[in-house]
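Each remark here refers to the structure printed beneath this line.
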Amino acid sequence: MIEYITNILSYKEREPLLFTNVSFWVFFAVVLTVFSFIYPKKSLRNGFLFLASLFFYYKTSGFFFTILLVSTLSDFLLGKQIFKSKNPLGKKLWLTLSIVINLFILVYFKYAYFFTDAFNELLGTEVVPMNHFAYWSNSFFGSHFRVDKILLPVGVSFFTFQTISYSVDIYRGLIKPVKSLLDFGFFVSFFPQLVAGPIVRASDFIPQLYKDYKLSKQAFGSALFLILNGLLKKMFLADYIAVNFIDRIFANPLSYTGTENLLALYGYSLQVYADFSGYTDIAIGLALLLGFQLPTNFNSPYKASSVAGFWKRWHISLSSWLKDYLYIPMGGNRSGSTFSYVSMAIIVFFVSLIAANWWVPIGCIGTGFILVGFGKVYSPFKNWLNTNINLMMTMLIGGLWHGASWNFVVWGGLNGLGLVVYKLWQKVSPWGDKTKWYNRFIGIFITFNFITFTRTWFRSDSFQTASNVLNQITTHLDLHRLPEILWGYKNVFIVMLIGYIIHWLPTNIKTWYKVAFIQTHFSVKVIACFIVSFFIYQVLTTELQPFIYFAF
């Protein structure tokens, strides 16, 4: 019996608690059962959910839960110092320390190998990264973690942004520090959204910690609908088309025709949406059952008729975070600022390391001087440059947030360029009147294809793979084989067609069937759960696929 319990409680790298795993739903059932007895006592409720969230993160990432604790404790204490400080300079210093600690954690785990490889390439050294956190743990606690390998903690990009928002919101006077460490820990680690968002802001979530628990019939129905919808998106749409088509193409694009590569790109646009929005649907639904409201993260993004509209509908919590904590502090669309040029210097530094070539920073700096010089001669260009530099910097940083590689630099840069071009184009566009259906159709068509094109770099595991995909599309399209390809992968394309049709359904139709489900009798909901579970079991792939954004 003791061995069985130990087995359940111990961390197993190959058995993380995923929404798509039965073990997670057993965990959630236990959490919900205990929660049902203690929910009236807010402090006990919040403390219990904090401990449950730590256990969830431990089962997902092992000893990395200590990193989460370090981030939680440091920001809890620094938040109090920011609030207490009466001196503006003191507030800024405490805020700076908070940001530096969070970014250090993010950079250390996410970019350690990137910096080391670039350093070795530039200087001809053979420095090997060491996991200092594992070394300290082994020294102080007698653990046996590997010190020769630095693994990326799941969700580190999400919870560091979350704690940064807490410190910044206190500095801006939007919120007061949380009094209880357990309450703050719960805010940082709330398990439904901990590892892949949506990114929750302190000013939105912390007030909910002190509200009474309420779960109306409508909220319960909505939560159940979101969970079932998310599971179907992930396991029926995303995983099926990935395993049976997309992954095969991107593993070796030169072995397939340009048509297959092109269809794989369109398939990936559906996969990444179904995978990521499926996760956030489940997360929002689970949080609702526990009485907490998480922000909407997706709003039918492929219905957007412009690149700007797309980024208001896609990964909304990250887009709005970058806007409020990066783009606007830079100066927004008004002008460039010191922050803008510091950000530019950081990006040039990253790109230089990626290139591992001294000519890259020299070229970037030279280009910068030329642009500034031309702006001094021609003032309209200077105004244009000042109002758009912040947009490009924000998108490039958003790309690097996903990872330090040429692929993400190109992906972020293309999306930034798309936003800049759209700002110019909308002034002269003959299709600007979106009240006309054909203008909306043209806008949606162009936007969807542009976003799909940029995903070439987002999906590819290397710059060479992305080049191979585009090479096949442009030189070996072989459209005459389209009927053969469609028939050979008919089940995959039927699933893709179903996914896109549902995505592009009018909002009122989606609202209608969601409301209809919410209003059904409890017994109907139970039957729906059994039907969805049985259906998912039938289409389940041989090996559970991790959520795409777990890698970020």
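FYI, nothing fancy with the structure tokens labels: chains A, B, ... in order, residues from 1 per chain, ligands from 1 as they appear.
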Backbone DSSP call of helix (DSSP H, G or I) for segment 7-108 of chain A, listed as a PyMOL selection string: chain A and resi 7-9+22-38+42-84+88-108
Residue contacts of Val469 of chain A (7 Å, only C-alpha atoms) excluding same-chain residues fewer than 3 positions away, as a PyMOL selection string: chain A and resi 253+261+465-466+472-473
Residues of the last selection are to be written out with all heavy atoms, as an mmCIF file, in the first residue's frame.
data_model
loop_
_atom_site.group_PDB
_atom_site.id
_atom_site.type_symbol
_atom_site.label_atom_id
_atom_site.label_comp_id
_atom_site.auth_asym_id
_atom_site.auth_seq_id
_atom_site.Cartn_x
_atom_site.Cartn_y
_atom_site.Cartn_z
ATOM 1 N N PRO A 253 10.589 17.248 -45.569
ATOM 2 C CA PRO A 253 9.794 17.905 -46.616
ATOM 3 C C PRO A 253 10.261 17.600 -48.037
ATOM 4 O O PRO A 253 9.448 17.609 -48.963
ATOM 5 C CB PRO A 253 9.959 19.402 -46.287
ATOM 6 C CG PRO A 253 11.139 19.499 -45.393
ATOM 7 C CD PRO A 253 11.194 18.220 -44.637
ATOM 8 N N ASN A 261 3.468 19.681 -49.079
ATOM 9 C CA ASN A 261 4.049 20.663 -48.161
ATOM 10 C C ASN A 261 3.101 21.832 -47.932
ATOM 11 O O ASN A 261 2.939 22.307 -46.801
ATOM 12 C CB ASN A 261 5.387 21.175 -48.699
ATOM 13 C CG ASN A 261 6.553 20.262 -48.398
ATOM 14 O OD1 ASN A 261 7.243 20.419 -47.402
ATOM 15 N ND2 ASN A 261 6.774 19.277 -49.278
ATOM 16 N N THR A 465 14.978 23.412 -42.631
ATOM 17 C CA THR A 465 13.691 22.750 -42.874
ATOM 18 C C THR A 465 12.694 23.711 -43.486
ATOM 19 O O THR A 465 11.972 23.366 -44.431
ATOM 20 C CB THR A 465 13.129 22.173 -41.564
ATOM 21 O OG1 THR A 465 14.052 21.240 -41.016
ATOM 22 C CG2 THR A 465 11.795 21.484 -41.802
ATOM 23 N N ALA A 466 12.638 24.940 -42.942
ATOM 24 C CA ALA A 466 11.730 25.957 -43.488
ATOM 25 C C ALA A 466 12.071 26.246 -44.946
ATOM 26 O O ALA A 466 11.177 26.373 -45.801
ATOM 27 C CB ALA A 466 11.812 27.229 -42.659
ATOM 28 N N GLN A 472 10.142 23.276 -51.948
ATOM 29 C CA GLN A 472 9.243 22.288 -52.547
ATOM 30 C C GLN A 472 7.972 22.944 -53.079
ATOM 31 O O GLN A 472 7.480 22.586 -54.151
ATOM 32 C CB GLN A 472 8.881 21.213 -51.508
ATOM 33 C CG GLN A 472 10.033 20.286 -51.134
ATOM 34 C CD GLN A 472 10.567 19.511 -52.321
ATOM 35 O OE1 GLN A 472 11.544 19.926 -52.956
ATOM 36 N NE2 GLN A 472 9.939 18.388 -52.641
ATOM 37 N N ILE A 473 7.454 23.911 -52.334
ATOM 38 C CA ILE A 473 6.214 24.583 -52.748
ATOM 39 C C ILE A 473 6.432 25.399 -54.015
ATOM 40 O O ILE A 473 5.579 25.418 -54.918
ATOM 41 C CB ILE A 473 5.686 25.475 -51.609
ATOM 42 C CG1 ILE A 473 5.209 24.608 -50.435
ATOM 43 C CG2 ILE A 473 4.534 26.368 -52.087
ATOM 44 C CD1 ILE A 473 4.837 25.392 -49.202
#
Shell around segment 236-243 of chain A at 9 Å using only C-alpha atoms, local window under 3 positions removed, as a PyMOL selection string: chain A and resi 231-233+246-248+264+267-268+270-275+278+491-493+495-496+498-499+535-536+539-541+544-545
Write out, as a PDB file, in the first residue's frame, the residues just selected, with N, CA and C atoms.
ATOM      1  N   LEU A 231     -11.164  19.285 -25.440  1.00  0.00           N
ATOM      2  CA  LEU A 231     -10.662  17.926 -25.647  1.00  0.00           C
ATOM      3  C   LEU A 231     -10.840  17.485 -27.097  1.00  0.00           C
ATOM      4  N   LEU A 232     -11.979  17.825 -27.689  1.00  0.00           N
ATOM      5  CA  LEU A 232     -12.210  17.477 -29.098  1.00  0.00           C
ATOM      6  C   LEU A 232     -11.249  18.226 -30.016  1.00  0.00           C
ATOM      7  N   LYS A 233     -11.022  19.506 -29.725  1.00  0.00           N
ATOM      8  CA  LYS A 233     -10.071  20.282 -30.528  1.00  0.00           C
ATOM      9  C   LYS A 233      -8.684  19.637 -30.501  1.00  0.00           C
ATOM     10  N   ILE A 246       0.848  16.012 -40.873  1.00  0.00           N
ATOM     11  CA  ILE A 246       1.732  17.177 -40.748  1.00  0.00           C
ATOM     12  C   ILE A 246       3.126  16.794 -40.273  1.00  0.00           C
ATOM     13  N   ASP A 247       3.214  15.998 -39.216  1.00  0.00           N
ATOM     14  CA  ASP A 247       4.528  15.630 -38.672  1.00  0.00           C
ATOM     15  C   ASP A 247       5.370  14.880 -39.697  1.00  0.00           C
ATOM     16  N   ARG A 248       4.734  14.069 -40.511  1.00  0.00           N
ATOM     17  CA  ARG A 248       5.457  13.311 -41.527  1.00  0.00           C
ATOM     18  C   ARG A 248       6.088  14.255 -42.561  1.00  0.00           C
ATOM     19  N   ALA A 264       0.266  20.734 -45.812  1.00  0.00           N
ATOM     20  CA  ALA A 264       0.738  20.563 -44.432  1.00  0.00           C
ATOM     21  C   ALA A 264       0.774  21.907 -43.703  1.00  0.00           C
ATOM     22  N   GLY A 267      -2.683  22.675 -42.860  1.00  0.00           N
ATOM     23  CA  GLY A 267      -3.043  21.783 -41.757  1.00  0.00           C
ATOM     24  C   GLY A 267      -2.460  22.258 -40.444  1.00  0.00           C
ATOM     25  N   TYR A 268      -1.218  22.765 -40.492  1.00  0.00           N
ATOM     26  CA  TYR A 268      -0.589  23.223 -39.250  1.00  0.00           C
ATOM     27  C   TYR A 268      -1.288  24.453 -38.686  1.00  0.00           C
ATOM     28  N   LEU A 270      -4.385  24.949 -38.708  1.00  0.00           N
ATOM     29  CA  LEU A 270      -5.506  24.407 -37.943  1.00  0.00           C
ATOM     30  C   LEU A 270      -5.008  23.699 -36.693  1.00  0.00           C
ATOM     31  N   GLN A 271      -3.917  22.925 -36.824  1.00  0.00           N
ATOM     32  CA  GLN A 271      -3.403  22.163 -35.684  1.00  0.00           C
ATOM     33  C   GLN A 271      -3.003  23.072 -34.525  1.00  0.00           C
ATOM     34  N   VAL A 272      -2.198  24.110 -34.816  1.00  0.00           N
ATOM     35  CA  VAL A 272      -1.694  24.949 -33.737  1.00  0.00           C
ATOM     36  C   VAL A 272      -2.838  25.721 -33.071  1.00  0.00           C
ATOM     37  N   TYR A 273      -3.857  26.083 -33.869  1.00  0.00           N
ATOM     38  CA  TYR A 273      -5.017  26.748 -33.275  1.00  0.00           C
ATOM     39  C   TYR A 273      -5.812  25.771 -32.400  1.00  0.00           C
ATOM     40  N   ALA A 274      -6.113  24.589 -32.938  1.00  0.00           N
ATOM     41  CA  ALA A 274      -6.916  23.615 -32.184  1.00  0.00           C
ATOM     42  C   ALA A 274      -6.176  23.151 -30.935  1.00  0.00           C
ATOM     43  N   ASP A 275      -4.869  22.987 -31.044  1.00  0.00           N
ATOM     44  CA  ASP A 275      -4.066  22.527 -29.918  1.00  0.00           C
ATOM     45  C   ASP A 275      -4.036  23.573 -28.800  1.00  0.00           C
ATOM     46  N   GLY A 278      -7.556  24.678 -27.663  1.00  0.00           N
ATOM     47  CA  GLY A 278      -8.133  23.550 -26.933  1.00  0.00           C
ATOM     48  C   GLY A 278      -7.645  23.531 -25.504  1.00  0.00           C
ATOM     49  N   ASN A 491      -9.009  10.857 -45.026  1.00  0.00           N
ATOM     50  CA  ASN A 491      -9.515  11.017 -43.658  1.00  0.00           C
ATOM     51  C   ASN A 491      -8.953  12.275 -42.987  1.00  0.00           C
ATOM     52  N   VAL A 492      -7.667  12.537 -43.249  1.00  0.00           N
ATOM     53  CA  VAL A 492      -7.030  13.726 -42.685  1.00  0.00           C
ATOM     54  C   VAL A 492      -7.699  14.986 -43.216  1.00  0.00           C
ATOM     55  N   PHE A 493      -7.940  15.025 -44.522  1.00  0.00           N
ATOM     56  CA  PHE A 493      -8.510  16.237 -45.111  1.00  0.00           C
ATOM     57  C   PHE A 493      -9.983  16.413 -44.753  1.00  0.00           C
ATOM     58  N   VAL A 495     -11.140  15.626 -41.782  1.00  0.00           N
ATOM     59  CA  VAL A 495     -11.029  16.215 -40.436  1.00  0.00           C
ATOM     60  C   VAL A 495     -10.651  17.687 -40.530  1.00  0.00           C
ATOM     61  N   MET A 496      -9.706  18.019 -41.419  1.00  0.00           N
ATOM     62  CA  MET A 496      -9.316  19.423 -41.609  1.00  0.00           C
ATOM     63  C   MET A 496     -10.500  20.258 -42.080  1.00  0.00           C
ATOM     64  N   ILE A 498     -13.691  19.671 -41.627  1.00  0.00           N
ATOM     65  CA  ILE A 498     -14.628  19.830 -40.503  1.00  0.00           C
ATOM     66  C   ILE A 498     -14.139  20.937 -39.566  1.00  0.00           C
ATOM     67  N   GLY A 499     -12.838  20.911 -39.264  1.00  0.00           N
ATOM     68  CA  GLY A 499     -12.274  21.903 -38.359  1.00  0.00           C
ATOM     69  C   GLY A 499     -12.418  23.321 -38.876  1.00  0.00           C
ATOM     70  N   PHE A 535     -15.829   8.675 -28.211  1.00  0.00           N
ATOM     71  CA  PHE A 535     -15.365   9.108 -29.526  1.00  0.00           C
ATOM     72  C   PHE A 535     -13.858   9.386 -29.496  1.00  0.00           C
ATOM     73  N   ILE A 536     -13.392  10.090 -28.462  1.00  0.00           N
ATOM     74  CA  ILE A 536     -11.971  10.399 -28.340  1.00  0.00           C
ATOM     75  C   ILE A 536     -11.156   9.114 -28.211  1.00  0.00           C
ATOM     76  N   VAL A 539     -10.497   7.596 -31.628  1.00  0.00           N
ATOM     77  CA  VAL A 539      -9.553   8.282 -32.529  1.00  0.00           C
ATOM     78  C   VAL A 539      -8.216   8.545 -31.841  1.00  0.00           C
ATOM     79  N   LEU A 540      -8.045   8.056 -30.616  1.00  0.00           N
ATOM     80  CA  LEU A 540      -6.841   8.325 -29.838  1.00  0.00           C
ATOM     81  C   LEU A 540      -5.612   7.791 -30.558  1.00  0.00           C
ATOM     82  N   THR A 541      -4.568   8.634 -30.629  1.00  0.00           N
ATOM     83  CA  THR A 541      -3.311   8.199 -31.231  1.00  0.00           C
ATOM     84  C   THR A 541      -2.589   7.259 -30.267  1.00  0.00           C
ATOM     85  N   LEU A 544       0.313   9.738 -26.461  1.00  0.00           N
ATOM     86  CA  LEU A 544      -0.233  11.048 -26.158  1.00  0.00           C
ATOM     87  C   LEU A 544       0.703  12.148 -26.662  1.00  0.00           C
ATOM     88  N   GLN A 545       0.124  13.132 -27.344  1.00  0.00           N
ATOM     89  CA  GLN A 545       0.905  14.244 -27.891  1.00  0.00           C
ATOM     90  C   GLN A 545       0.893  15.411 -26.910  1.00  0.00           C
TER      91      GLN A 545
END
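Distances here use only C-alpha atoms; by that measure, the residue among A:Tyr302, A:Phe292, A:Tyr57, A:Trp406 closest to Asp461 of chain A is A:Trp406.
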Hey, what's within 7 Å of segment 63-69 of chain A if we count only C-alpha atoms and toss same-chain stuff fewer than 4 positions away? As a short mmCIF file (atom, residue, chain, number, x, y, z; two decimals) with C-alpha atoms, in the first residue's frame, please?
data_model
loop_
_atom_site.label_atom_id
_atom_site.label_comp_id
_atom_site.auth_asym_id
_atom_site.auth_seq_id
_atom_site.Cartn_x
_atom_site.Cartn_y
_atom_site.Cartn_z
CA LEU A 54 2.40 22.81 -6.56
CA TYR A 57 3.59 21.26 -11.26
CA TYR A 58 5.81 18.75 -9.46
CA LEU A 73 8.69 34.16 -2.78
CA PRO A 153 10.75 24.08 -16.93
#
Between atom CA of Phe220 of chain A and atom CA of Val526 of chain A lies a distance of 12.3 Å
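Near Gly79 of chain A, within a cut-off of 9 Å and counting only C-alpha atoms, sit the residues Ser74, Lys84, Trp94, Leu95, Ser98, Tyr166, Ser167, Val168, Ile170, Tyr171, Lys176, Pro177 and Val178 of chain A, with same-chain residues fewer than 5 positions away left out.
Picture a line from atom CA of Ser317 of chain A to atom CA of Phe27 of chain A; it runs 26.8 Å.
Minimum atom-to-atom distances from A:Leu286, A:Asn388, A:Phe547, A:Asp281 to Trp25 of chain A were compared using only C-alpha atoms, and the lowest value belongs to A:Leu286.
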May I have the residues within 10 Å of Lys514 of chain A as JSON, numbers by chain, using only C-alpha atoms and disregarding those fewer than 6 positions away in the same chain? {"A": [221, 222, 225, 226, 229, 508]}
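Proximity ranking of A:Leu17, A:Leu215, A:Val70, A:Met235 relative to Ile105 of chain A places A:Val70 first, based on only C-alpha atoms.
Note that the spacing between atom CA of Pro295 of chain A and atom CA of Asn407 of chain A amounts to 29.0 Å.
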